[in-house]
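**Q** Please find work12.txt (compact mmCIF, C-alpha atoms and all ligand atoms) on the next line:
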# COMPACT_ATOMS: atom_id res chain seq x y z
CA MET Q 1 -90.96 -65.82 -202.29
CA LEU Q 2 -94.50 -64.44 -202.73
CA LYS Q 3 -93.41 -61.13 -201.24
CA LYS Q 4 -90.53 -61.00 -203.71
CA SER Q 5 -92.79 -61.65 -206.68
CA ILE Q 6 -95.33 -59.01 -205.54
CA THR Q 7 -92.54 -56.47 -205.10
CA SER Q 8 -91.19 -57.29 -208.50
CA THR Q 9 -94.64 -56.94 -210.12
CA CYS Q 10 -95.09 -53.58 -208.37
CA ASN Q 11 -91.72 -52.46 -209.61
CA ARG Q 12 -92.67 -53.42 -213.14
CA VAL Q 13 -95.99 -51.54 -212.88
CA ASN Q 14 -94.15 -48.52 -211.51
CA GLN Q 15 -91.60 -48.75 -214.27
CA GLN Q 16 -94.37 -48.84 -216.88
CA ARG Q 17 -96.00 -45.86 -215.21
CA ILE Q 18 -92.78 -43.90 -215.14
CA LEU Q 19 -92.17 -44.92 -218.74
CA PHE Q 20 -95.56 -43.53 -219.68
CA ASN Q 21 -94.98 -40.28 -217.81
CA CYS Q 22 -91.56 -40.00 -219.33
CA SER Q 23 -92.80 -40.45 -222.85
CA ARG Q 24 -95.48 -37.83 -222.20
CA SER Q 25 -92.92 -35.27 -221.08
CA PHE Q 26 -90.56 -36.31 -223.87
CA HIS Q 27 -93.18 -35.39 -226.43
CA LYS Q 28 -93.55 -31.78 -225.41
CA THR Q 29 -92.39 -29.61 -228.23
CA GLN Q 30 -90.32 -26.92 -226.54
CA VAL Q 31 -86.58 -27.27 -226.80
CA ASP Q 32 -86.52 -26.81 -223.02
CA GLU Q 33 -88.33 -30.08 -222.67
CA LEU Q 34 -85.68 -31.87 -224.68
CA LYS Q 35 -82.91 -31.03 -222.26
CA ASP Q 36 -80.97 -33.57 -220.29
CA ASP Q 37 -82.43 -34.88 -217.05
CA LYS Q 38 -86.03 -34.29 -218.12
CA CYS Q 39 -86.94 -37.89 -218.60
CA SER Q 40 -84.37 -40.05 -216.92
CA ILE Q 41 -86.47 -42.93 -215.78
CA ARG Q 42 -83.67 -45.28 -214.80
CA LYS Q 43 -81.15 -42.86 -213.47
CA GLY Q 44 -79.58 -44.84 -210.76
CA PRO Q 45 -77.60 -46.46 -209.57
CA TYR Q 46 -75.02 -45.16 -212.03
CA GLY Q 47 -72.60 -47.64 -210.51
CA ASP Q 48 -69.04 -47.59 -211.74
CA PHE Q 49 -69.48 -45.89 -215.15
CA LEU Q 50 -66.77 -43.36 -214.35
CA HIS Q 51 -63.80 -42.09 -216.32
CA THR Q 52 -61.59 -42.82 -213.31
CA SER Q 53 -62.67 -46.50 -213.44
CA LEU Q 54 -61.85 -46.91 -217.15
CA THR Q 55 -59.51 -49.77 -218.02
CA ILE Q 56 -57.67 -50.05 -221.33
CA GLU Q 57 -56.56 -53.31 -222.89
CA LYS Q 58 -54.69 -52.78 -226.15
CA THR Q 59 -54.83 -55.25 -229.00
CA THR Q 60 -51.76 -57.37 -229.65
CA ASN Q 61 -52.87 -57.84 -233.22
CA PRO Q 62 -53.52 -54.41 -234.79
CA LEU Q 63 -55.01 -54.24 -238.29
CA THR Q 64 -53.20 -52.74 -241.24
CA LYS Q 65 -54.86 -49.43 -241.97
CA PRO Q 66 -56.48 -49.13 -245.39
CA ALA Q 67 -55.83 -46.38 -247.95
CA TRP Q 68 -58.17 -43.61 -246.77
CA GLU Q 69 -59.16 -42.78 -250.37
CA GLY Q 70 -60.84 -46.17 -250.82
CA LEU Q 71 -62.99 -46.05 -247.66
CA VAL Q 72 -66.62 -47.10 -247.94
CA PHE Q 73 -68.92 -45.72 -245.23
CA GLY Q 74 -69.31 -48.00 -242.21
CA LYS Q 75 -67.39 -50.98 -243.54
CA GLN Q 76 -64.00 -50.67 -241.87
CA PHE Q 77 -63.68 -50.70 -238.08
CA THR Q 78 -60.81 -49.75 -235.82
CA ASP Q 79 -58.84 -51.95 -233.42
CA HIS Q 80 -60.67 -51.14 -230.19
CA MET Q 81 -64.12 -50.52 -228.73
CA LEU Q 82 -65.58 -49.19 -225.50
CA GLU Q 83 -67.88 -51.50 -223.55
CA VAL Q 84 -69.93 -50.93 -220.40
CA ASP Q 85 -72.47 -53.38 -218.98
CA TRP Q 86 -75.47 -52.53 -216.84
CA ASN Q 87 -77.85 -54.40 -214.64
CA SER Q 88 -80.71 -53.02 -212.64
CA GLU Q 89 -79.30 -54.10 -209.28
CA LYS Q 90 -75.71 -52.94 -209.49
CA GLY Q 91 -76.03 -50.24 -212.12
CA TRP Q 92 -73.17 -49.79 -214.58
CA SER Q 93 -69.99 -51.83 -214.42
CA ASN Q 94 -66.68 -50.09 -214.99
CA PRO Q 95 -66.04 -48.92 -218.58
CA LYS Q 96 -63.50 -50.90 -220.61
CA ILE Q 97 -61.63 -50.15 -223.80
CA VAL Q 98 -60.90 -53.57 -225.27
CA PRO Q 99 -59.86 -55.01 -228.65
CA TYR Q 100 -62.72 -54.79 -231.17
CA HIS Q 101 -64.65 -58.06 -231.05
CA ASP Q 102 -67.93 -59.72 -231.96
CA LEU Q 103 -70.62 -59.73 -229.29
CA THR Q 104 -72.05 -62.92 -227.84
CA LEU Q 105 -75.78 -62.50 -227.23
CA PRO Q 106 -78.49 -64.95 -226.22
CA PRO Q 107 -80.94 -65.52 -229.10
CA SER Q 108 -83.72 -64.54 -226.67
CA CYS Q 109 -82.12 -61.13 -226.10
CA SER Q 110 -84.92 -58.52 -226.25
CA SER Q 111 -82.99 -56.04 -228.41
CA LEU Q 112 -83.11 -58.65 -231.19
CA HIS Q 113 -86.88 -59.14 -230.89
CA TYR Q 114 -88.31 -55.79 -229.90
CA ALA Q 115 -85.68 -53.33 -231.09
CA ILE Q 116 -84.83 -52.22 -227.54
CA GLN Q 117 -81.83 -50.45 -228.99
CA CYS Q 118 -80.69 -46.89 -229.61
CA PHE Q 119 -77.58 -45.30 -231.04
CA GLU Q 120 -75.70 -42.13 -231.91
CA GLY Q 121 -73.45 -40.90 -234.68
CA LEU Q 122 -70.69 -38.32 -234.30
CA LYS Q 123 -67.22 -37.81 -235.71
CA ALA Q 124 -63.65 -37.08 -234.64
CA TYR Q 125 -61.72 -34.66 -236.87
CA LYS Q 126 -57.93 -34.42 -237.09
CA ASN Q 127 -55.90 -31.29 -237.69
CA GLY Q 128 -52.16 -31.94 -237.44
CA GLU Q 129 -51.67 -33.70 -234.11
CA ASP Q 130 -54.97 -32.44 -232.65
CA VAL Q 131 -58.22 -34.39 -232.71
CA PHE Q 132 -61.56 -32.68 -232.11
CA LEU Q 133 -65.09 -33.76 -231.26
CA PHE Q 134 -67.98 -31.54 -232.36
CA ARG Q 135 -70.61 -30.84 -229.66
CA PRO Q 136 -70.34 -34.35 -228.12
CA GLU Q 137 -72.61 -33.30 -225.24
CA MET Q 138 -75.50 -33.09 -227.67
CA ASN Q 139 -75.01 -36.69 -228.78
CA SER Q 140 -74.63 -37.78 -225.18
CA ASN Q 141 -77.83 -36.01 -224.11
CA ARG Q 142 -79.72 -37.37 -227.11
CA LEU Q 143 -78.52 -40.91 -226.35
CA ASN Q 144 -79.71 -40.55 -222.76
CA ARG Q 145 -83.13 -39.40 -223.98
CA SER Q 146 -83.34 -42.27 -226.48
CA CYS Q 147 -82.44 -44.71 -223.68
CA ALA Q 148 -85.16 -43.26 -221.47
CA ARG Q 149 -87.72 -43.65 -224.25
CA LEU Q 150 -86.97 -47.39 -224.39
CA GLY Q 151 -86.62 -48.08 -220.67
CA LEU Q 152 -82.86 -48.49 -221.12
CA PRO Q 153 -80.62 -47.10 -218.37
CA ASN Q 154 -79.30 -43.56 -218.28
CA PHE Q 155 -75.67 -42.66 -217.63
CA GLN Q 156 -73.72 -39.58 -216.61
CA GLY Q 157 -72.92 -37.68 -219.79
CA GLU Q 158 -69.59 -36.21 -218.66
CA GLU Q 159 -68.25 -39.66 -217.76
CA PHE Q 160 -69.45 -41.16 -221.03
CA ILE Q 161 -67.91 -38.36 -223.11
CA LYS Q 162 -64.56 -38.67 -221.34
CA CYS Q 163 -64.49 -42.46 -221.91
CA MET Q 164 -65.40 -41.92 -225.57
CA ALA Q 165 -62.62 -39.34 -225.89
CA GLU Q 166 -60.20 -41.91 -224.42
CA LEU Q 167 -61.28 -44.38 -227.10
CA VAL Q 168 -60.64 -41.77 -229.80
CA LYS Q 169 -57.22 -41.12 -228.26
CA VAL Q 170 -56.39 -44.85 -228.35
CA GLU Q 171 -57.51 -44.86 -232.02
CA LYS Q 172 -55.78 -41.59 -232.90
CA ASP Q 173 -53.92 -43.17 -235.83
CA TRP Q 174 -57.28 -44.25 -237.24
CA VAL Q 175 -58.44 -40.64 -237.60
CA PRO Q 176 -57.49 -39.70 -241.16
CA ALA Q 177 -55.45 -36.49 -241.18
CA LYS Q 178 -57.18 -35.12 -244.24
CA LYS Q 179 -59.89 -32.48 -244.49
CA GLY Q 180 -63.23 -34.04 -245.36
CA TYR Q 181 -62.13 -37.33 -243.77
CA SER Q 182 -62.92 -38.26 -240.18
CA LEU Q 183 -63.44 -41.06 -237.69
CA TYR Q 184 -67.15 -41.90 -237.41
CA ILE Q 185 -68.08 -42.84 -233.83
CA ARG Q 186 -71.07 -45.07 -233.18
CA PRO Q 187 -72.23 -45.27 -229.56
CA THR Q 188 -74.99 -47.88 -229.12
CA VAL Q 189 -77.07 -49.11 -226.19
CA ILE Q 190 -78.82 -52.47 -226.39
CA SER Q 191 -80.93 -54.57 -224.08
CA THR Q 192 -79.11 -57.82 -223.29
CA GLU Q 193 -82.08 -59.16 -221.34
CA ARG Q 194 -82.83 -62.85 -221.95
CA THR Q 195 -86.59 -62.64 -222.37
CA LEU Q 196 -89.33 -62.84 -224.93
CA GLY Q 197 -91.40 -60.59 -222.66
CA VAL Q 198 -91.96 -57.01 -223.81
CA LEU Q 199 -90.51 -55.54 -220.63
CA PRO Q 200 -88.08 -52.88 -219.47
CA PRO Q 201 -84.72 -54.67 -219.51
CA ASN Q 202 -82.77 -55.42 -216.36
CA ASN Q 203 -79.60 -55.99 -218.35
CA ALA Q 204 -78.07 -53.77 -220.99
CA LYS Q 205 -74.82 -52.99 -222.74
CA LEU Q 206 -73.40 -49.72 -224.00
CA PHE Q 207 -70.67 -49.97 -226.60
CA VAL Q 208 -68.85 -47.57 -228.89
CA ILE Q 209 -67.22 -48.59 -232.14
CA CYS Q 210 -65.35 -46.40 -234.61
CA SER Q 211 -65.03 -46.40 -238.37
CA PRO Q 212 -62.78 -44.18 -240.52
CA VAL Q 213 -64.80 -42.42 -243.23
CA GLY Q 214 -64.17 -40.36 -246.33
CA PRO Q 215 -66.06 -37.31 -247.59
CA TYR Q 216 -69.79 -37.83 -248.24
CA PHE Q 217 -69.47 -36.18 -251.65
CA LYS Q 218 -66.40 -37.74 -253.25
CA SER Q 219 -66.25 -35.61 -256.39
CA GLY Q 220 -67.92 -32.26 -255.73
CA PHE Q 221 -71.41 -31.66 -254.40
CA ALA Q 222 -73.98 -33.77 -256.21
CA PRO Q 223 -77.44 -32.29 -255.47
CA VAL Q 224 -80.09 -34.83 -254.48
CA LYS Q 225 -83.59 -35.30 -255.93
CA LEU Q 226 -86.30 -36.26 -253.45
CA LEU Q 227 -89.46 -38.31 -253.67
CA ALA Q 228 -92.28 -37.11 -251.37
CA ASP Q 229 -94.86 -39.87 -251.09
CA PRO Q 230 -97.44 -39.28 -248.32
CA LYS Q 231 -98.27 -42.99 -248.27
CA TYR Q 232 -95.28 -43.52 -245.94
CA VAL Q 233 -94.62 -41.77 -242.62
CA ARG Q 234 -91.33 -41.84 -240.73
CA ALA Q 235 -92.72 -40.62 -237.42
CA PHE Q 236 -96.00 -39.71 -235.75
CA PRO Q 237 -97.18 -38.03 -232.53
CA GLY Q 238 -96.70 -40.32 -229.57
CA GLY Q 239 -94.07 -42.30 -231.46
CA THR Q 240 -90.28 -42.22 -231.36
CA GLY Q 241 -89.42 -39.86 -234.24
CA ASN Q 242 -87.55 -37.49 -231.93
CA ALA Q 243 -85.37 -40.27 -230.50
CA LYS Q 244 -82.52 -42.04 -232.28
CA VAL Q 245 -83.80 -45.57 -231.92
CA GLY Q 246 -82.96 -48.33 -234.39
CA ALA Q 247 -86.68 -49.07 -234.79
CA ASN Q 248 -87.09 -45.79 -236.71
CA TYR Q 249 -84.68 -46.84 -239.44
CA GLY Q 250 -85.55 -50.40 -240.56
CA PRO Q 251 -88.99 -49.34 -241.86
CA THR Q 252 -87.41 -46.63 -244.05
CA ILE Q 253 -85.63 -49.19 -246.24
CA MET Q 254 -88.61 -50.10 -248.44
CA PRO Q 255 -89.66 -46.49 -249.18
CA GLN Q 256 -86.01 -45.70 -249.86
CA LEU Q 257 -85.80 -48.59 -252.35
CA GLU Q 258 -88.99 -47.39 -254.05
CA ALA Q 259 -87.56 -43.87 -254.35
CA ILE Q 260 -84.36 -45.22 -255.89
CA GLU Q 261 -86.33 -47.37 -258.37
CA LYS Q 262 -88.16 -44.21 -259.48
CA GLY Q 263 -84.88 -42.32 -259.95
CA TYR Q 264 -84.79 -40.37 -256.67
CA SER Q 265 -81.94 -40.61 -254.21
CA GLN Q 266 -83.77 -39.79 -250.96
CA VAL Q 267 -87.23 -39.82 -249.42
CA LEU Q 268 -88.81 -36.57 -248.26
CA TRP Q 269 -90.81 -37.49 -245.17
CA LEU Q 270 -94.23 -35.86 -244.95
CA PHE Q 271 -96.59 -35.84 -242.02
CA GLY Q 272 -100.29 -35.14 -241.48
CA ALA Q 273 -103.29 -34.42 -243.67
CA ASP Q 274 -101.66 -31.16 -244.78
CA HIS Q 275 -98.46 -32.97 -245.83
CA GLN Q 276 -96.05 -31.11 -243.59
CA ILE Q 277 -92.43 -31.39 -244.65
CA THR Q 278 -90.48 -33.00 -241.79
CA GLU Q 279 -87.12 -34.55 -242.70
CA VAL Q 280 -85.18 -35.85 -245.68
CA GLY Q 281 -83.74 -39.37 -245.54
CA THR Q 282 -81.71 -39.28 -242.34
CA MET Q 283 -81.23 -35.53 -242.35
CA ASN Q 284 -83.05 -32.43 -241.17
CA ILE Q 285 -84.28 -30.18 -243.96
CA PHE Q 286 -83.84 -26.46 -244.64
CA PHE Q 287 -85.31 -24.07 -247.21
CA TYR Q 288 -83.76 -20.71 -247.99
CA ARG Q 289 -86.54 -18.49 -249.27
CA ILE Q 290 -87.79 -14.99 -249.80
CA ALA Q 291 -90.12 -14.10 -246.92
CA ASP Q 292 -93.29 -11.99 -247.19
CA ASN Q 293 -91.30 -8.88 -246.21
CA GLY Q 294 -88.90 -9.49 -249.12
CA GLU Q 295 -86.02 -10.56 -246.85
CA LYS Q 296 -84.12 -13.80 -247.36
CA GLU Q 297 -84.76 -16.27 -244.54
CA LEU Q 298 -83.77 -19.82 -243.67
CA ILE Q 299 -86.56 -22.06 -242.43
CA THR Q 300 -86.71 -25.55 -240.96
CA PRO Q 301 -89.56 -27.50 -239.32
CA PRO Q 302 -89.85 -26.94 -235.56
CA LEU Q 303 -88.70 -29.65 -233.14
CA GLY Q 304 -91.46 -31.77 -231.75
CA GLU Q 305 -92.61 -35.31 -231.89
CA VAL Q 306 -91.74 -36.09 -235.50
CA ILE Q 307 -88.36 -34.41 -235.94
CA LEU Q 308 -84.99 -35.70 -234.73
CA PRO Q 309 -83.19 -32.84 -232.95
CA GLY Q 310 -80.09 -32.94 -235.15
CA VAL Q 311 -76.75 -31.60 -233.93
CA THR Q 312 -76.12 -30.18 -237.40
CA ARG Q 313 -79.61 -28.62 -237.48
CA SER Q 314 -78.96 -26.85 -234.19
CA SER Q 315 -75.51 -25.72 -235.41
CA VAL Q 316 -76.89 -24.40 -238.73
CA LEU Q 317 -79.55 -22.37 -236.89
CA HIS Q 318 -76.97 -21.04 -234.43
CA ILE Q 319 -74.46 -20.04 -237.11
CA VAL Q 320 -76.99 -18.43 -239.44
CA LYS Q 321 -78.60 -16.40 -236.64
CA ASN Q 322 -75.57 -15.52 -234.51
CA GLU Q 323 -72.67 -15.49 -236.94
CA PHE Q 324 -74.16 -14.72 -240.37
CA LYS Q 325 -76.75 -12.44 -238.69
CA GLN Q 326 -79.46 -13.65 -241.02
CA PRO Q 327 -83.05 -14.56 -240.17
CA ALA Q 328 -83.64 -18.24 -239.43
CA ARG Q 329 -87.01 -19.55 -238.30
CA GLU Q 330 -88.41 -22.86 -237.12
CA VAL Q 331 -91.77 -23.04 -238.80
CA THR Q 332 -94.25 -25.62 -240.08
CA TYR Q 333 -93.99 -25.78 -243.86
CA THR Q 334 -96.37 -27.87 -245.95
CA MET Q 335 -96.13 -29.17 -249.51
CA GLU Q 336 -98.76 -26.57 -250.44
CA ASP Q 337 -96.54 -23.78 -248.99
CA PHE Q 338 -93.57 -25.20 -250.88
CA ILE Q 339 -95.43 -25.42 -254.20
CA LYS Q 340 -96.64 -21.83 -253.84
CA ASP Q 341 -93.07 -20.73 -253.11
CA VAL Q 342 -91.76 -22.59 -256.17
CA GLU Q 343 -94.47 -21.07 -258.38
CA ASN Q 344 -93.72 -17.58 -257.05
CA GLY Q 345 -89.95 -18.00 -257.50
CA ARG Q 346 -89.38 -17.57 -253.76
CA ILE Q 347 -87.20 -20.64 -253.16
CA LEU Q 348 -83.53 -19.75 -253.31
CA GLU Q 349 -82.15 -23.14 -252.30
CA SER Q 350 -82.79 -26.15 -250.10
CA PHE Q 351 -80.54 -28.63 -248.32
CA GLY Q 352 -80.49 -31.55 -245.92
CA ALA Q 353 -78.24 -31.31 -242.85
CA GLY Q 354 -76.67 -34.10 -240.81
CA THR Q 355 -73.39 -35.37 -239.38
CA ALA Q 356 -72.67 -37.62 -242.37
CA CYS Q 357 -72.69 -34.91 -245.05
CA VAL Q 358 -72.90 -31.61 -243.08
CA VAL Q 359 -75.12 -30.24 -245.88
CA ALA Q 360 -76.57 -31.92 -248.98
CA PRO Q 361 -78.04 -29.59 -251.64
CA ILE Q 362 -81.50 -30.56 -252.98
CA ASN Q 363 -82.39 -29.80 -256.60
CA ALA Q 364 -85.92 -31.21 -257.00
CA ILE Q 365 -88.88 -32.68 -255.14
CA SER Q 366 -91.32 -35.05 -256.82
CA TYR Q 367 -94.82 -34.96 -255.33
CA GLN Q 368 -98.09 -36.38 -256.61
CA GLY Q 369 -96.68 -37.08 -260.06
CA LYS Q 370 -95.05 -33.69 -260.62
CA GLU Q 371 -91.42 -32.70 -260.19
CA TYR Q 372 -90.74 -29.29 -258.63
CA PRO Q 373 -87.27 -27.92 -259.40
CA ILE Q 374 -85.21 -26.13 -256.74
CA PRO Q 375 -82.37 -23.78 -257.67
CA VAL Q 376 -78.82 -24.81 -256.77
CA PRO Q 377 -76.80 -21.57 -256.72
CA PRO Q 378 -73.11 -21.49 -257.65
CA LYS Q 379 -70.77 -22.14 -254.70
CA GLU Q 380 -69.95 -18.48 -254.06
CA GLU Q 381 -73.64 -17.54 -253.78
CA SER Q 382 -74.87 -20.61 -251.90
CA LEU Q 383 -75.85 -20.43 -248.23
CA ALA Q 384 -75.42 -24.21 -247.96
CA MET Q 385 -71.81 -23.92 -249.17
CA LYS Q 386 -71.09 -21.01 -246.84
CA LEU Q 387 -72.39 -23.16 -243.97
CA TRP Q 388 -70.36 -26.13 -245.16
CA ASP Q 389 -67.16 -24.05 -245.13
CA ARG Q 390 -67.89 -22.57 -241.72
CA ILE Q 391 -68.92 -25.84 -240.04
CA LEU Q 392 -65.91 -27.73 -241.43
CA SER Q 393 -63.51 -25.04 -240.24
CA ILE Q 394 -65.02 -25.38 -236.73
CA GLN Q 395 -65.00 -29.18 -236.79
CA TYR Q 396 -61.33 -29.34 -237.82
CA GLY Q 397 -60.35 -26.82 -235.15
CA GLU Q 398 -59.15 -24.28 -237.74
CA VAL Q 399 -60.91 -21.55 -235.81
CA PRO Q 400 -61.40 -21.59 -232.04
CA HIS Q 401 -65.07 -22.22 -231.37
CA GLU Q 402 -67.26 -23.28 -228.44
CA PHE Q 403 -68.54 -26.26 -230.49
CA ALA Q 404 -65.12 -27.89 -231.08
CA HIS Q 405 -63.46 -29.81 -228.26
CA ASN Q 406 -59.91 -31.13 -228.35
CA VAL Q 407 -59.96 -34.74 -227.18
CA GLU Q 408 -57.09 -34.01 -224.74
CA ASP Q 409 -59.07 -31.16 -223.18
CA ILE Q 410 -62.11 -33.40 -222.79
CA ILE Q 411 -60.04 -36.05 -221.03
CA SER Q 412 -58.35 -33.56 -218.71
CA GLY Q 413 -61.68 -31.93 -217.85
CA LYS Q 414 -60.61 -28.59 -219.38
CA SER Q 415 -63.33 -28.65 -222.04
CA LYS Q 416 -66.51 -26.86 -221.07
CA TRP Q 417 -69.92 -27.07 -222.64
CA ASN Q 418 -73.42 -26.34 -221.69
CA PRO Q 419 -74.62 -29.65 -220.20
CA GLN Q 420 -78.15 -28.52 -220.93
CA SER Q 421 -77.69 -28.19 -224.70
CA TYR Q 422 -80.34 -30.34 -226.27
C1 LIG Q 501 -83.73 -39.07 -238.90
C2 LIG Q 501 -82.55 -38.19 -238.78
N1 LIG Q 501 -82.71 -36.86 -238.85
C3 LIG Q 501 -81.67 -36.00 -238.74
C4 LIG Q 501 -80.39 -36.47 -238.56
C5 LIG Q 501 -79.25 -35.51 -238.42
O1 LIG Q 501 -78.80 -35.46 -237.09
P1 LIG Q 501 -77.31 -35.05 -236.76
O2 LIG Q 501 -77.12 -33.66 -237.31
O3 LIG Q 501 -77.24 -35.08 -235.27
O4 LIG Q 501 -76.43 -36.03 -237.42
C6 LIG Q 501 -80.16 -37.85 -238.46
C7 LIG Q 501 -78.82 -38.39 -238.25
O5 LIG Q 501 -78.47 -38.67 -237.13
C8 LIG Q 501 -81.27 -38.73 -238.57
O6 LIG Q 501 -81.09 -40.05 -238.49
Would you give me this structure, written as structure tokens?
**A**
Amino acid sequence: MLKKSITSTCNRVNQQRILFNCSRSFHKTQVDELKDDKCSIRKGPYGDFLHTSLTIEKTTNPLTKPAWEGLVFGKQFTDHMLEVDWNSEKGWSNPKIVPYHDLTLPPSCSSLHYAIQCFEGLKAYKNGEDVFLFRPEMNSNRLNRSCARLGLPNFQGEEFIKCMAELVKVEKDWVPAKKGYSLYIRPTVISTERTLGVLPPNNAKLFVICSPVGPYFKSGFAPVKLLADPKYVRAFPGGTGNAKVGANYGPTIMPQLEAIEKGYSQVLWLFGADHQITEVGTMNIFFYRIADNGEKELITPPLGEVILPGVTRSSVLHIVKNEFKQPAREVTYTMEDFIKDVENGRILESFGAGTACVVAPINAISYQGKEYPIPVPPKEESLAMKLWDRILSIQYGEVPHEFAHNVEDIISGKSKWNPQSY
């Protein structure tokens, strides 16, 4: 008995130690350091979380699908969900696609008390009979890194992606066949541990739910105005800003409400004494500007401890550099730099980028009582719009592209991606 309790205490201490080491390595800034496998603290046993072990139980009571035009983001859910349970002794149980249902959790469950919870957001896009996922390996890798940051278990990305693709296949009729519309996919991992102790959980659940969604901008692009108030920070060194953990989002509600009350639709998150520009709302931010050498360049803050490595951000950088053959740099950019650029007429446009909207044009930033206008070029001259067109055509499989993966190809193992993409 005593031996057991000593062993268990040692395990806990070791876990804490590994957790600490993991978070140290997780906070290195190089993209290399953000790759899969770098900080898997609870790798094994993976158990039975395998595509070949997936079971599917179809609902006998399917919902009537709503009119796609009336969809409100995140309100309508599909008929099925994916569920996989984990415990520290046996590892993962076999994955199950089951009818969508409420969860039963103990009120002591540590995800409810200490936000031991992380999630992802990606979409399935339909073109005719084909359904595509956009860079799902990036979401899978990011979810694994978020899990590691919280002491939640890791899983094998390929197996997870195949099971998620099976769920999308089951819900194929829930993917609206209309450009701009899609099926939003929400993978989530929660601690199910019954404890009020702040401890690495020994029990967890991964689930994936799906929600059909309409276009972010219903009637044309409406540029957003931002409020930059340095009194609030979204993320800080040593924190969790580069992981997609629920705990990052709750505290943004009050600043967001304040921004709305003042007439701004989003918060521009600043960091540090020099008021570095980091992110906008739940999007990465880009500025298209005239560089010192007179060339037009796209800039975005570098990845590190306070920036979420967005899939859209990475795709924008890739497309601008490799397809549009234009300069794109990851560089620290402060409010002082921005104000100088505005005063010198060097800002051409600015936009947020994320899965929900792809790109969201920004037309003003309010900072320390002054509003700084940002040009919004007409569609044909706008880099944001050119990116929007290009990314949508990839997402809907209109052009063959390494970023788009047909769900059938994922399931059959034909789809290939770089498992190391961050
Ligand atoms: C804080 C934050 N930044 C950026 C993004 C954009 O990331 P992605 O392009 O992967 O959707 C998101 C959305 O997930 C986010 O929540």
**Q** Which one is closest to Ala247 of chain Q: Q:Ala124, Q:Ala291, Q:Ile116, Q:Ile190? Count all atoms listed in the file.
**A**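 The closest residue to Ala247 of chain Q is Q:Ile116.
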**Q** Find the residues around Pro301 of chain Q up to 6 Å (all atoms listed in the file counted), leave out those fewer than 3 positions away in its own chain, and share them as a PyMOL selection string.
**A** chain Q and resi 330-332
**Q** Determine, counting all atoms listed in the file, which protein, DNA and RNA residues have an atom within 12 Å of an atom of Leu270 of chain Q; residues of the same chain fewer than 6 positions away are not included. Present the result as a tab-separated table (two decimals) with C-alpha atoms, in the frame of the given file.
**A**
chain	number	residue	atom	x	y	z
Q	226	LEU	CA	-86.30	-36.26	-253.45
Q	227	LEU	CA	-89.46	-38.31	-253.67
Q	228	ALA	CA	-92.28	-37.11	-251.37
Q	229	ASP	CA	-94.86	-39.87	-251.09
Q	230	PRO	CA	-97.44	-39.28	-248.32
Q	231	LYS	CA	-98.27	-42.99	-248.27
Q	232	TYR	CA	-95.28	-43.52	-245.94
Q	233	VAL	CA	-94.62	-41.77	-242.62
Q	234	ARG	CA	-91.33	-41.84	-240.73
Q	235	ALA	CA	-92.72	-40.62	-237.42
Q	236	PHE	CA	-96.00	-39.71	-235.75
Q	276	GLN	CA	-96.05	-31.11	-243.59
Q	277	ILE	CA	-92.43	-31.39	-244.65
Q	278	THR	CA	-90.48	-33.00	-241.79
Q	279	GLU	CA	-87.12	-34.55	-242.70
Q	280	VAL	CA	-85.18	-35.85	-245.68
Q	281	GLY	CA	-83.74	-39.37	-245.54
Q	285	ILE	CA	-84.28	-30.18	-243.96
Q	301	PRO	CA	-89.56	-27.50	-239.32
Q	306	VAL	CA	-91.74	-36.09	-235.50
Q	307	ILE	CA	-88.36	-34.41	-235.94
Q	332	THR	CA	-94.25	-25.62	-240.08
Q	333	TYR	CA	-93.99	-25.78	-243.86
Q	334	THR	CA	-96.37	-27.87	-245.95
Q	335	MET	CA	-96.13	-29.17	-249.51
Q	336	GLU	CA	-98.76	-26.57	-250.44
Q	365	ILE	CA	-88.88	-32.68	-255.14
Q	367	TYR	CA	-94.82	-34.96	-255.33
**Q** Counting all atoms listed in the file, which of Q:Asp102, Q:Glu83, Q:Glu120, Q:Glu381 gets nearest to Cys163 of chain Q?
**A** Q:Glu83
**Q** So that I can see what lies close to segment 194-200 of chain Q, please list as a ChimeraX atom specification the residues with an atom at most 6 Å from it, counting all atoms listed in the file and leaving out residues fewer than 5 positions away in the same chain.
**A** /Q:108-110,151
**Q** Pull C-alpha atoms from the residues just selected and write them as a short mmCIF file (atom, residue, chain, number, x, y, z; two decimals), in the coordinates of the input.
**A**
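Saved as again.cif:
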data_model
loop_
_atom_site.label_atom_id
_atom_site.label_comp_id
_atom_site.auth_asym_id
_atom_site.auth_seq_id
_atom_site.Cartn_x
_atom_site.Cartn_y
_atom_site.Cartn_z
CA SER Q 108 -83.72 -64.54 -226.67
CA CYS Q 109 -82.12 -61.13 -226.10
CA SER Q 110 -84.92 -58.52 -226.25
CA GLY Q 151 -86.62 -48.08 -220.67
#
**Q** Wanna dump the chain Q-ligand LIG 501 (chain Q) contacts at 7 Å for me, each residue with its shortest atom pair and the distance in Å to one decimal, counting all atoms listed in the file, ordered by chain and number, as CSV?
**A**
residue,atom,partner,partner_atom,distance
Q:Glu120,CA,Q:LIG501,O5,6.8
Q:Gly121,CA,Q:LIG501,O5,6.0
Q:Leu122,CA,Q:LIG501,O4,6.9
Q:Lys244,CA,Q:LIG501,O6,6.7
Q:Glu279,CA,Q:LIG501,N1,6.3
Q:Gly281,CA,Q:LIG501,C1,6.6
Q:Thr282,CA,Q:LIG501,C2,3.8
Q:Met283,CA,Q:LIG501,C3,3.7
Q:Asn284,CA,Q:LIG501,C3,4.5
Q:Ile307,CA,Q:LIG501,N1,6.8
Q:Leu308,CA,Q:LIG501,N1,4.8
Q:Pro309,CA,Q:LIG501,O1,6.6
Q:Gly310,CA,Q:LIG501,O1,3.4
Q:Val311,CA,Q:LIG501,O3,3.8
Q:Thr312,CA,Q:LIG501,O2,3.6
Q:Arg313,CA,Q:LIG501,O2,5.6
Q:Ala353,CA,Q:LIG501,O2,6.1
Q:Gly354,CA,Q:LIG501,O2,3.6
Q:Thr355,CA,Q:LIG501,O4,3.7
Q:Ala356,CA,Q:LIG501,O4,6.4
